$ cat upload31.txt   # compact mmCIF, C-alpha atoms and all ligand atoms
# COMPACT_ATOMS: atom_id res chain seq x y z
CA MET O 21 110.96 158.19 93.80
CA PHE O 22 110.03 154.79 92.30
CA PRO O 23 109.67 155.32 88.51
CA VAL O 24 106.08 154.70 87.33
CA PHE O 25 107.10 152.74 84.26
CA LEU O 26 109.03 150.31 86.49
CA LEU O 27 105.96 149.85 88.66
CA TYR O 28 103.86 149.04 85.56
CA TYR O 29 106.55 146.74 84.30
CA SER O 30 106.80 144.80 87.55
CA LEU O 31 103.00 144.47 87.83
CA LEU O 32 102.78 143.24 84.24
CA ALA O 33 105.66 140.79 84.77
CA GLY O 34 103.97 139.50 87.93
CA THR O 35 100.67 138.94 86.11
CA ILE O 36 102.31 137.19 83.19
CA GLY O 37 104.37 135.11 85.64
CA ALA O 38 101.26 134.07 87.56
CA LEU O 39 99.43 133.15 84.36
CA TYR O 40 102.43 131.19 83.13
CA LYS O 41 102.73 129.45 86.48
CA LYS O 42 99.01 128.62 86.43
CA LYS O 43 99.27 127.22 82.93
CA ARG O 44 102.35 125.21 83.81
CA ARG O 45 100.95 123.77 87.07
CA LYS O 46 100.69 120.02 86.79
CA SER O 47 98.96 117.48 88.92
CA TYR O 48 99.44 113.78 89.32
CA LYS O 49 96.93 111.00 88.90
CA ILE O 50 97.24 107.25 89.11
CA VAL O 51 95.69 105.46 86.14
CA GLY O 52 94.83 101.80 86.80
CA PHE O 53 94.40 99.46 83.84
CA LYS O 54 92.18 96.45 83.54
CA HIS O 55 94.02 93.23 84.33
CA GLY O 56 96.02 91.82 81.41
CA VAL O 57 96.28 95.04 79.37
CA GLU O 58 99.76 95.54 77.94
CA VAL O 59 101.67 98.53 79.34
CA LEU O 60 102.80 99.50 75.82
CA ARG O 61 99.21 99.82 74.64
CA ILE O 62 98.38 101.90 77.70
CA GLY O 63 101.35 104.17 76.96
CA ASN O 64 100.01 104.81 73.47
CA ILE O 65 96.50 105.52 74.74
CA LEU O 66 97.69 107.95 77.40
CA GLU O 67 99.90 109.73 74.90
CA SER O 68 96.92 110.23 72.63
CA TYR O 69 95.23 112.08 75.50
CA GLY O 70 98.32 114.25 76.07
CA ILE O 71 99.16 112.55 79.36
CA THR O 72 102.75 111.80 80.34
CA ILE O 73 103.67 108.66 82.28
CA LYS O 74 105.83 109.64 85.24
CA LYS O 75 106.30 106.21 86.78
CA GLN O 76 105.21 102.64 86.03
CA LEU O 77 103.68 100.69 88.91
CA PRO O 78 103.84 97.10 87.64
CA LEU O 79 102.77 95.58 90.98
CA VAL O 80 99.30 97.05 90.52
CA ASP O 81 98.87 97.35 86.71
CA ALA O 82 98.89 101.12 86.97
CA CYS O 83 101.05 104.15 86.34
CA LEU O 84 101.56 107.55 87.87
CA CYS O 85 100.78 110.23 85.30
CA GLU O 86 101.43 113.91 85.01
CA VAL O 87 98.32 115.72 83.81
CA GLU O 88 97.37 119.33 83.12
CA PRO O 89 94.48 120.31 85.41
CA SER O 90 92.66 121.61 82.35
CA VAL O 91 92.65 118.25 80.60
CA ALA O 92 88.91 117.58 80.46
CA LYS O 93 89.73 114.47 78.49
CA LEU O 94 90.37 112.64 81.78
CA GLN O 95 86.67 111.90 81.94
CA GLN O 96 86.77 110.55 78.40
CA LEU O 97 89.86 108.51 79.29
CA SER O 98 88.13 107.00 82.33
CA GLU O 99 85.50 105.61 79.94
CA ASP O 100 88.13 103.78 77.88
CA PRO O 101 87.47 100.02 78.12
CA MET O 102 91.12 99.38 79.09
CA ILE O 103 91.03 101.72 82.09
CA GLU O 104 89.74 100.46 85.44
CA TYR O 105 90.06 103.68 87.45
CA ILE O 106 91.73 107.10 87.72
CA GLU O 107 92.47 108.47 91.19
CA ASP O 108 94.61 111.01 93.04
CA ASP O 109 98.04 110.03 94.31
CA TYR O 110 96.91 110.30 97.95
CA ILE O 111 99.26 111.30 100.76
CA ALA O 112 99.86 108.88 103.64
CA THR O 113 101.31 109.96 106.98
CA ILE O 114 103.26 108.13 109.67
CA GLN O 115 101.09 107.38 112.72
CA ALA O 116 103.24 108.71 115.56
CA LEU O 117 102.38 111.63 117.83
CA PRO O 118 104.55 114.69 117.12
CA TYR O 119 106.29 114.82 120.51
CA THR O 120 109.28 112.64 121.31
CA VAL O 121 111.32 112.35 124.51
CA ALA O 122 115.05 111.71 124.38
CA ALA O 123 116.19 108.77 126.53
CA ILE O 124 119.52 107.25 127.43
CA PRO O 125 119.10 103.61 128.48
CA LYS O 126 121.42 102.41 131.23
CA GLY O 127 123.14 99.34 129.85
CA GLN O 128 120.50 97.34 127.99
CA GLU O 129 116.82 97.76 128.87
CA ILE O 130 113.98 95.58 127.68
CA PRO O 131 111.25 98.09 126.74
CA TRP O 132 107.95 97.70 128.60
CA GLY O 133 106.15 96.86 125.36
CA VAL O 134 108.43 93.93 124.56
CA LYS O 135 107.87 92.59 128.09
CA LYS O 136 104.12 93.20 127.90
CA VAL O 137 103.66 91.09 124.75
CA ALA O 138 105.64 88.21 126.36
CA ALA O 139 108.28 88.03 123.65
CA GLN O 140 111.23 87.40 125.98
CA PRO O 141 110.23 83.85 127.10
CA VAL O 142 110.37 82.57 123.51
CA TRP O 143 113.86 83.91 122.72
CA LYS O 144 115.52 80.74 123.96
CA THR O 145 113.81 78.96 121.07
CA CYS O 146 113.37 81.55 118.34
CA ARG O 147 114.58 85.07 117.66
CA GLY O 148 113.41 85.54 114.09
CA GLU O 149 116.39 83.85 112.42
CA GLY O 150 116.13 83.65 108.62
CA ILE O 151 112.98 85.78 108.42
CA ARG O 152 113.00 88.94 106.30
CA VAL O 153 110.92 91.94 107.42
CA GLY O 154 110.33 94.90 105.10
CA VAL O 155 110.01 98.30 106.80
CA VAL O 156 108.30 100.84 104.53
CA ASP O 157 108.98 104.07 106.36
CA THR O 158 111.22 107.17 106.61
CA GLY O 159 114.37 105.05 106.23
CA ILE O 160 116.51 103.60 109.03
CA ASP O 161 119.73 104.82 110.66
CA LEU O 162 121.94 102.19 109.00
CA ASP O 163 124.84 102.86 111.38
CA HIS O 164 122.83 102.62 114.59
CA PRO O 165 124.93 100.37 116.87
CA ASP O 166 121.79 98.65 118.18
CA LEU O 167 120.45 97.78 114.70
CA LYS O 168 123.30 97.70 112.22
CA GLU O 169 123.90 93.93 112.16
CA ASN O 170 120.24 93.17 111.42
CA ILE O 171 119.82 95.56 108.50
CA LYS O 172 120.42 93.49 105.38
CA GLU O 173 119.57 95.98 102.65
CA ALA O 174 118.24 99.51 102.21
CA TYR O 175 116.56 101.23 99.29
CA GLY O 176 114.85 104.55 98.61
CA VAL O 177 112.06 105.46 96.21
CA LEU O 178 112.04 109.23 96.76
CA ASP O 179 114.11 111.71 94.74
CA CYS O 180 117.82 110.89 94.61
CA LYS O 181 117.07 107.42 96.02
CA ASN O 182 117.79 108.81 99.48
CA ILE O 183 117.89 106.03 102.11
CA ILE O 184 118.81 108.11 105.19
CA ASP O 185 116.29 108.39 108.01
CA ASP O 186 115.96 112.17 108.30
CA ASN O 187 112.87 111.83 110.53
CA GLY O 188 113.69 109.12 113.10
CA HIS O 189 110.35 107.30 112.82
CA GLY O 190 111.64 104.43 110.68
CA THR O 191 114.60 103.83 113.01
CA HIS O 192 112.20 103.73 116.00
CA VAL O 193 109.92 101.22 114.27
CA ALA O 194 112.88 99.05 113.25
CA GLY O 195 114.18 99.00 116.84
CA THR O 196 110.92 97.60 118.18
CA ILE O 197 111.07 94.82 115.60
CA ALA O 198 114.75 94.03 115.64
CA ALA O 199 117.04 95.93 118.05
CA LEU O 200 119.98 93.71 118.92
CA ASP O 201 120.31 91.70 122.13
CA ASN O 202 123.71 93.05 123.21
CA ASP O 203 124.76 95.10 126.22
CA ILE O 204 123.42 98.47 125.04
CA GLY O 205 120.15 100.26 124.45
CA VAL O 206 117.03 98.20 123.86
CA VAL O 207 115.97 94.81 122.45
CA GLY O 208 113.39 94.23 119.72
CA VAL O 209 110.64 91.60 119.67
CA ALA O 210 112.64 89.51 117.16
CA PRO O 211 116.29 90.40 117.80
CA LYS O 212 117.76 88.22 115.02
CA VAL O 213 115.38 89.04 112.20
CA GLU O 214 116.66 90.48 108.90
CA ILE O 215 115.47 94.02 108.16
CA TYR O 216 114.91 95.36 104.63
CA SER O 217 114.55 99.13 104.85
CA VAL O 218 112.80 101.13 102.15
CA LYS O 219 112.40 104.87 102.42
CA ALA O 220 109.07 106.02 100.98
CA PHE O 221 108.35 108.81 103.50
CA ASP O 222 110.08 112.20 103.68
CA LYS O 223 111.49 113.94 106.73
CA HIS O 224 108.01 115.24 107.58
CA GLY O 225 106.63 111.68 107.57
CA ARG O 226 104.63 112.11 104.37
CA GLY O 227 104.59 109.71 101.44
CA THR O 228 102.44 109.23 98.36
CA VAL O 229 100.57 106.07 97.41
CA SER O 230 102.74 105.75 94.29
CA SER O 231 105.92 105.82 96.42
CA ILE O 232 104.47 103.30 98.86
CA VAL O 233 103.52 100.95 96.03
CA GLU O 234 107.01 101.22 94.57
CA ALA O 235 108.43 100.42 98.01
CA LEU O 236 106.12 97.44 98.43
CA ASN O 237 107.20 96.17 95.02
CA TRP O 238 110.83 96.29 96.20
CA CYS O 239 109.87 94.30 99.30
CA LEU O 240 108.28 91.68 97.06
CA GLU O 241 111.44 91.48 94.93
CA LYS O 242 113.47 90.97 98.12
CA LYS O 243 111.17 88.09 99.06
CA VAL O 244 110.35 89.47 102.48
CA HIS O 245 108.03 87.42 104.70
CA VAL O 246 106.49 90.31 106.66
CA ILE O 247 105.93 94.02 105.91
CA ASN O 248 105.53 96.70 108.58
CA MET O 249 103.37 99.68 107.57
CA SER O 250 103.28 102.25 110.38
CA PHE O 251 101.31 104.74 108.30
CA GLY O 252 97.77 105.50 107.25
CA ILE O 253 95.54 107.29 104.75
CA ARG O 254 91.94 108.40 105.16
CA HIS O 255 91.11 107.75 101.51
CA ASN O 256 90.35 104.35 100.10
CA SER O 257 92.89 103.97 97.30
CA PHE O 258 92.22 101.39 94.58
CA THR O 259 95.95 101.38 93.95
CA LEU O 260 96.92 100.58 97.53
CA ARG O 261 94.23 97.89 97.70
CA ARG O 262 95.57 96.25 94.57
CA ALA O 263 99.06 96.33 96.12
CA VAL O 264 98.07 94.61 99.38
CA GLN O 265 96.07 92.01 97.45
CA ALA O 266 99.11 91.26 95.26
CA LEU O 267 101.34 90.91 98.33
CA LEU O 268 98.93 88.61 100.15
CA ARG O 269 98.75 86.42 97.01
CA ASN O 270 102.51 86.13 97.52
CA ASN O 271 101.90 85.03 101.10
CA ILE O 272 103.43 88.09 102.77
CA VAL O 273 102.17 89.00 106.25
CA LEU O 274 101.00 92.63 106.16
CA VAL O 275 100.82 94.63 109.38
CA ALA O 276 99.59 98.25 109.57
CA ALA O 277 98.77 100.97 112.08
CA ALA O 278 95.04 101.35 112.81
CA GLY O 279 95.63 105.10 112.95
CA ASN O 280 95.80 107.92 115.49
CA VAL O 281 92.42 109.48 114.76
CA GLY O 282 91.08 108.50 118.21
CA ARG O 283 87.44 108.26 117.21
CA GLU O 284 84.95 105.49 116.57
CA ASN O 285 85.00 104.02 113.10
CA SER O 286 88.22 105.78 112.16
CA VAL O 287 90.58 102.98 111.11
CA LEU O 288 92.82 104.22 108.30
CA TYR O 289 93.93 102.46 105.12
CA PRO O 290 95.76 100.14 104.52
CA ALA O 291 94.91 98.75 108.02
CA LYS O 292 91.23 98.91 107.08
CA TYR O 293 91.67 96.35 104.28
CA PRO O 294 90.91 92.75 105.26
CA GLU O 295 94.24 91.61 103.76
CA VAL O 296 96.11 93.51 106.49
CA ILE O 297 96.51 93.01 110.26
CA ALA O 298 95.19 96.27 111.81
CA VAL O 299 96.94 97.19 115.06
CA ALA O 300 95.46 99.43 117.79
CA ALA O 301 97.54 100.84 120.66
CA CYS O 302 97.32 100.45 124.44
CA ASN O 303 99.24 101.89 127.38
CA GLN O 304 101.14 100.18 130.22
CA ASN O 305 97.89 99.67 132.16
CA ASP O 306 96.25 97.72 129.32
CA ARG O 307 93.98 100.66 128.58
CA PRO O 308 93.38 101.74 124.98
CA ALA O 309 95.50 104.75 124.01
CA SER O 310 93.29 107.84 123.70
CA PHE O 311 94.61 108.53 120.20
CA SER O 312 94.10 104.99 118.87
CA SER O 313 91.58 104.63 116.03
CA SER O 314 88.82 102.12 116.62
CA GLY O 315 86.43 100.28 114.37
CA PRO O 316 85.33 96.79 113.31
CA GLU O 317 88.54 96.39 111.28
CA VAL O 318 90.86 96.41 114.35
CA ASP O 319 92.47 92.95 114.57
CA ILE O 320 94.75 93.19 117.60
CA THR O 321 96.19 95.58 120.21
CA ALA O 322 99.85 96.19 121.08
CA PRO O 323 101.80 98.67 123.24
CA GLY O 324 101.92 102.15 121.74
CA VAL O 325 102.40 104.75 124.51
CA ASP O 326 105.85 105.97 125.60
CA ILE O 327 107.68 103.27 123.70
CA LEU O 328 111.46 103.30 124.10
CA SER O 329 113.36 102.44 120.92
CA THR O 330 116.23 103.40 118.64
CA HIS O 331 116.16 106.79 116.87
CA LYS O 332 118.19 108.57 114.18
CA ASN O 333 121.84 109.49 114.68
CA GLY O 334 122.47 106.57 117.03
CA THR O 335 120.10 107.85 119.73
CA TYR O 336 117.07 106.48 121.65
CA LYS O 337 113.65 108.07 122.15
CA LEU O 338 110.24 107.53 123.70
CA MET O 339 107.51 107.79 121.07
CA SER O 340 103.76 107.15 121.04
CA GLY O 341 101.33 106.14 118.31
CA THR O 342 99.76 103.17 116.58
CA SER O 343 102.98 103.41 114.54
CA MET O 344 104.76 102.08 117.65
CA ALA O 345 102.20 99.30 118.29
CA THR O 346 102.46 97.91 114.74
CA PRO O 347 106.13 96.72 114.87
CA HIS O 348 105.41 94.61 117.99
CA VAL O 349 103.00 92.59 115.83
CA ALA O 350 105.37 92.49 112.83
CA GLY O 351 108.11 91.16 115.13
CA ALA O 352 105.74 88.56 116.59
CA ALA O 353 104.79 87.38 113.09
CA ALA O 354 108.50 86.98 112.29
CA LEU O 355 109.04 84.86 115.43
CA LEU O 356 106.20 82.51 114.42
CA LEU O 357 107.53 82.20 110.87
CA SER O 358 111.03 81.43 112.14
CA LEU O 359 109.58 78.41 113.95
CA THR O 360 107.56 76.87 111.19
CA ASN O 361 106.27 77.37 107.67
CA MET O 362 102.76 78.71 107.56
CA ASN O 363 100.78 80.97 105.31
CA ALA O 364 99.99 84.60 106.05
CA ASP O 365 96.38 83.87 107.01
CA ASP O 366 97.56 81.27 109.57
CA VAL O 367 99.89 83.84 111.14
CA LYS O 368 97.02 86.30 111.49
CA SER O 369 94.64 83.78 113.04
CA ILE O 370 97.26 82.33 115.43
CA LEU O 371 98.17 85.83 116.67
CA LYS O 372 94.51 86.75 117.13
CA ASN O 373 93.57 83.48 118.86
CA ALA O 374 96.48 83.88 121.26
CA ALA O 375 95.68 87.51 122.14
CA LYS O 376 94.70 88.37 125.72
CA ASP O 377 91.15 89.69 126.06
CA LEU O 378 91.34 93.07 127.80
CA GLY O 379 87.58 93.17 128.34
CA LEU O 380 87.17 96.03 125.91
CA PRO O 381 84.77 96.30 122.96
CA LYS O 382 86.03 94.49 119.85
CA GLU O 383 86.14 97.80 117.97
CA LYS O 384 88.78 99.05 120.40
CA GLN O 385 90.93 95.98 121.08
CA GLY O 386 90.24 93.61 118.17
CA ALA O 387 91.00 90.12 119.49
CA GLY O 388 92.90 91.64 122.45
CA LEU O 389 96.49 92.30 123.50
CA LEU O 390 99.25 90.59 121.51
CA ASN O 391 100.83 87.68 123.40
CA VAL O 392 103.82 86.05 121.72
CA LEU O 393 104.27 83.26 124.27
CA ASN O 394 100.65 82.12 123.83
CA ALA O 395 100.99 82.26 120.04
CA VAL O 396 104.12 80.10 120.06
CA SER O 397 102.50 77.68 122.51
CA ASN O 398 99.49 77.41 120.19
CA ILE O 399 101.78 76.34 117.35
CA LYS O 400 103.12 73.66 119.68
CA LYS O 401 99.56 72.47 120.38
CA LEU O 402 99.01 72.25 116.64
CA GLY O 403 102.06 69.97 116.51
CA ARG O 404 103.98 72.37 114.31
CA GLY O 405 107.47 73.69 114.68
CA ASP O 406 110.28 72.92 117.06
CA CYS O 407 108.86 74.47 120.24
CA GLU O 408 109.49 71.68 122.73
CA GLN O 409 111.71 73.84 124.89
CA ILE O 410 108.92 76.35 125.59
CA CA Q 1 120.47 96.20 122.49
$ encode --input "upload31.txt" --output "structure tokens" --more "lines below"
Ligand code: CA
Amino acid sequence: MFPVFLLYYSLLAGTIGALYKKKRRKSYKIVGFKHGVEVLRIGNILESYGITIKKQLPLVDACLCEVEPSVAKLQQLSEDPMIEYIEDDYIATIQALPYTVAAIPKGQEIPWGVKKVAAQPVWKTCRGEGIRVGVVDTGIDLDHPDLKENIKEAYGVLDCKNIIDDNGHGTHVAGTIAALDNDIGVVGVAPKVEIYSVKAFDKHGRGTVSSIVEALNWCLEKKVHVINMSFGIRHNSFTLRRAVQALLRNNIVLVAAAGNVGRENSVLYPAKYPEVIAVAACNQNDRPASFSSSGPEVDITAPGVDILSTHKNGTYKLMSGTSMATPHVAGAAALLLSLTNMNADDVKSILKNAAKDLGLPKEKQGAGLLNVLNAVSNIKKLGRGDCEQI
């Protein structure tokens, strides 16, 4: 028989444990300062409210803070003249459909998406040489034989600074941008571009705004020219907006997935921000993918259904999502930049002007389907770059 005093004891211990746990439970908030406020002063202010700084986010004049849920002083803090905003550390998710199909290419295949965007005809002139592309994602398989030579540096912002792609998504995205032109696997849109991998998403494809901002800051330090963001958030984050504005001021081309919500007016952030090129997805028949988010913020369409690319552990897989459409555009931007110097706004307008109208509403296709050959030819018409051979 179970002794009664032990039953009482275990119930009491459970109750105390639950209370203790409740008291100890912390939450995280991002506190954004007004421009020009010194971080030291902010540290002192936050301390006076009993708030601990977990991480500085210098790119956006903000910090990630650990707060007790019971701290009613947050409201008081938000009224401090040095504070611009306080918001949750929202969760972003990668924009790929959950199913994947394993594939073994015979020799080297050019994926249908790379053919569809007419990247191949420009390779005799430019392949992305000297252009640095940041991939903020789940990491990249650094030993993948079809990517290895193009990965210049890798970094991680999650716990333990892990840089390994334990999901496969980041490796797939990187392959569409930059898989090598050799005799195996696939080829990316810009097969000689330099990839800077930063892991900000876990094996489930989830990442916080604070991790993303830290990753973007690393990309800025590495002086990348283009950043691929195959992820999205439903919430408008002041922090993420500040980050993309800071990057655009540094003339970095920002490309993001429109999202896989599949409804009208459902473009996710950061694609929804005007500083970013928002990419919708289409299938092989130039039809919009059923999952692709639409809305007035869509800039351009690219292939995003059954896309063959590199995957973790040296493999290849078919994946679908606006996550897969986005790297076609990032690769195209890199090709343009490898031909001639231009600012990020020029890249966006040249890509949009060169897009092929699919006869769909603007909310679904943006300017139309990405066309690299047209974009490069348009630079030639502008008398810029060394494109005479095209
Ligand atoms: Ca290859």
$ residues_around --input "upload31.txt" --residues "segment 149-159 of chain O" --least-positions-apart "5" --cutoff "6 Å" --atoms "all atoms listed in the file" --output "list in words"
Ile183, Ile184, Asp185, Gly190, Lys212, Val213, Glu214, Ile215, Tyr216, Ser217, Val218, Lys219, Ala220, Phe221, Asp222, Cys239, Val244, His245, Val246, Ile247, Asn248, Met249 and Ser358 of chain O
$ residues_near_ligand --input "upload31.txt" --ligand "ligand CA 1 (chain Q)" --cutoff "9 Å" --atoms "only C-alpha atoms and all ligand atoms" --output "JSON list (two decimals) with C-alpha atoms, keeping the file's coordinate frame"
[["chain", "number", "residue", "atom", "x", "y", "z"],
["O", 127, "GLY", "CA", 123.14, 99.34, 129.85],
["O", 128, "GLN", "CA", 120.50, 97.34, 127.99],
["O", 129, "GLU", "CA", 116.82, 97.76, 128.87],
["O", 130, "ILE", "CA", 113.98, 95.58, 127.68],
["O", 165, "PRO", "CA", 124.93, 100.37, 116.87],
["O", 166, "ASP", "CA", 121.79, 98.65, 118.18],
["O", 167, "LEU", "CA", 120.45, 97.78, 114.70],
["O", 195, "GLY", "CA", 114.18, 99.00, 116.84],
["O", 199, "ALA", "CA", 117.04, 95.93, 118.05],
["O", 200, "LEU", "CA", 119.98, 93.71, 118.92],
["O", 201, "ASP", "CA", 120.31, 91.70, 122.13],
["O", 202, "ASN", "CA", 123.71, 93.05, 123.21],
["O", 203, "ASP", "CA", 124.76, 95.10, 126.22],
["O", 204, "ILE", "CA", 123.42, 98.47, 125.04],
["O", 205, "GLY", "CA", 120.15, 100.26, 124.45],
["O", 206, "VAL", "CA", 117.03, 98.20, 123.86],
["O", 207, "VAL", "CA", 115.97, 94.81, 122.45],
["O", 208, "GLY", "CA", 113.39, 94.23, 119.72],
["O", 211, "PRO", "CA", 116.29, 90.40, 117.80]]
$ residues_around --input "upload31.txt" --residues "Glu241 of chain O" --least-positions-apart "6" --cutoff "12 Å" --atoms "all atoms listed in the file" --output "list in words"
Pro78, Leu79, Arg152, Gly154, Tyr175, Tyr216, Glu234, Ala235, Leu267, Asn270 and Ile272 of chain O
$ atom_distance --input "upload31.txt" --atom1 "atom CA of Ala194 of chain O" --atom2 "atom CA of Lys382 of chain O"
28.0 Å
$ closest_residue --input "upload31.txt" --among "O:Ala266, O:Ala138, O:Ile160, O:Cys83" --to "Asn333 of chain O" --atoms "all atoms listed in the file"
O:Ile160
$ decode --input "upload31.txt" --residues "segment 384-398 of chain O" --atoms "N, CA, C and O atoms" --output "PDB file, in the first residue's frame"
ATOM      1  N   LYS O 384      -0.440  38.468 -57.597  1.00  0.00           N
ATOM      2  CA  LYS O 384       0.050  37.090 -57.632  1.00  0.00           C
ATOM      3  C   LYS O 384       1.463  36.991 -58.198  1.00  0.00           C
ATOM      4  O   LYS O 384       2.296  36.237 -57.694  1.00  0.00           O
ATOM      5  N   GLN O 385       1.749  37.734 -59.272  1.00  0.00           N
ATOM      6  CA  GLN O 385       3.028  37.561 -59.971  1.00  0.00           C
ATOM      7  C   GLN O 385       4.015  38.712 -59.747  1.00  0.00           C
ATOM      8  O   GLN O 385       5.169  38.589 -60.133  1.00  0.00           O
ATOM      9  N   GLY O 386       3.565  39.811 -59.166  1.00  0.00           N
ATOM     10  CA  GLY O 386       4.440  40.994 -59.110  1.00  0.00           C
ATOM     11  C   GLY O 386       4.672  41.468 -60.535  1.00  0.00           C
ATOM     12  O   GLY O 386       3.725  41.548 -61.323  1.00  0.00           O
ATOM     13  N   ALA O 387       5.947  41.721 -60.893  1.00  0.00           N
ATOM     14  CA  ALA O 387       6.252  42.164 -62.252  1.00  0.00           C
ATOM     15  C   ALA O 387       6.196  41.004 -63.244  1.00  0.00           C
ATOM     16  O   ALA O 387       6.159  41.214 -64.449  1.00  0.00           O
ATOM     17  N   GLY O 388       6.227  39.759 -62.739  1.00  0.00           N
ATOM     18  CA  GLY O 388       6.208  38.590 -63.624  1.00  0.00           C
ATOM     19  C   GLY O 388       7.308  37.614 -63.254  1.00  0.00           C
ATOM     20  O   GLY O 388       7.896  37.693 -62.163  1.00  0.00           O
ATOM     21  N   LEU O 389       7.586  36.700 -64.187  1.00  0.00           N
ATOM     22  CA  LEU O 389       8.567  35.634 -63.950  1.00  0.00           C
ATOM     23  C   LEU O 389      10.001  36.142 -64.179  1.00  0.00           C
ATOM     24  O   LEU O 389      10.283  36.753 -65.225  1.00  0.00           O
ATOM     25  N   LEU O 390      10.848  35.873 -63.232  1.00  0.00           N
ATOM     26  CA  LEU O 390      12.270  36.253 -63.329  1.00  0.00           C
ATOM     27  C   LEU O 390      12.863  35.795 -64.659  1.00  0.00           C
ATOM     28  O   LEU O 390      12.656  34.657 -65.077  1.00  0.00           O
ATOM     29  N   ASN O 391      13.613  36.694 -65.324  1.00  0.00           N
ATOM     30  CA  ASN O 391      14.316  36.305 -66.548  1.00  0.00           C
ATOM     31  C   ASN O 391      15.709  36.935 -66.541  1.00  0.00           C
ATOM     32  O   ASN O 391      15.877  38.129 -66.769  1.00  0.00           O
ATOM     33  N   VAL O 392      16.698  36.100 -66.283  1.00  0.00           N
ATOM     34  CA  VAL O 392      18.070  36.586 -66.104  1.00  0.00           C
ATOM     35  C   VAL O 392      18.631  37.125 -67.418  1.00  0.00           C
ATOM     36  O   VAL O 392      19.276  38.183 -67.440  1.00  0.00           O
ATOM     37  N   LEU O 393      18.370  36.410 -68.514  1.00  0.00           N
ATOM     38  CA  LEU O 393      18.913  36.837 -69.812  1.00  0.00           C
ATOM     39  C   LEU O 393      18.412  38.244 -70.165  1.00  0.00           C
ATOM     40  O   LEU O 393      19.193  39.107 -70.570  1.00  0.00           O
ATOM     41  N   ASN O 394      17.112  38.475 -69.995  1.00  0.00           N
ATOM     42  CA  ASN O 394      16.557  39.810 -70.262  1.00  0.00           C
ATOM     43  C   ASN O 394      17.205  40.863 -69.376  1.00  0.00           C
ATOM     44  O   ASN O 394      17.512  41.967 -69.828  1.00  0.00           O
ATOM     45  N   ALA O 395      17.396  40.524 -68.100  1.00  0.00           N
ATOM     46  CA  ALA O 395      17.968  41.491 -67.151  1.00  0.00           C
ATOM     47  C   ALA O 395      19.381  41.885 -67.574  1.00  0.00           C
ATOM     48  O   ALA O 395      19.731  43.069 -67.581  1.00  0.00           O
ATOM     49  N   VAL O 396      20.171  40.882 -67.961  1.00  0.00           N
ATOM     50  CA  VAL O 396      21.551  41.161 -68.384  1.00  0.00           C
ATOM     51  C   VAL O 396      21.542  41.967 -69.686  1.00  0.00           C
ATOM     52  O   VAL O 396      22.336  42.902 -69.861  1.00  0.00           O
ATOM     53  N   SER O 397      20.635  41.625 -70.591  1.00  0.00           N
ATOM     54  CA  SER O 397      20.536  42.373 -71.848  1.00  0.00           C
ATOM     55  C   SER O 397      20.140  43.824 -71.587  1.00  0.00           C
ATOM     56  O   SER O 397      20.608  44.729 -72.276  1.00  0.00           O
ATOM     57  N   ASN O 398      19.284  44.044 -70.585  1.00  0.00           N
ATOM     58  CA  ASN O 398      18.879  45.416 -70.252  1.00  0.00           C
ATOM     59  C   ASN O 398      20.052  46.232 -69.736  1.00  0.00           C
ATOM     60  O   ASN O 398      20.132  47.432 -70.002  1.00  0.00           O
TER      61      ASN O 398
END
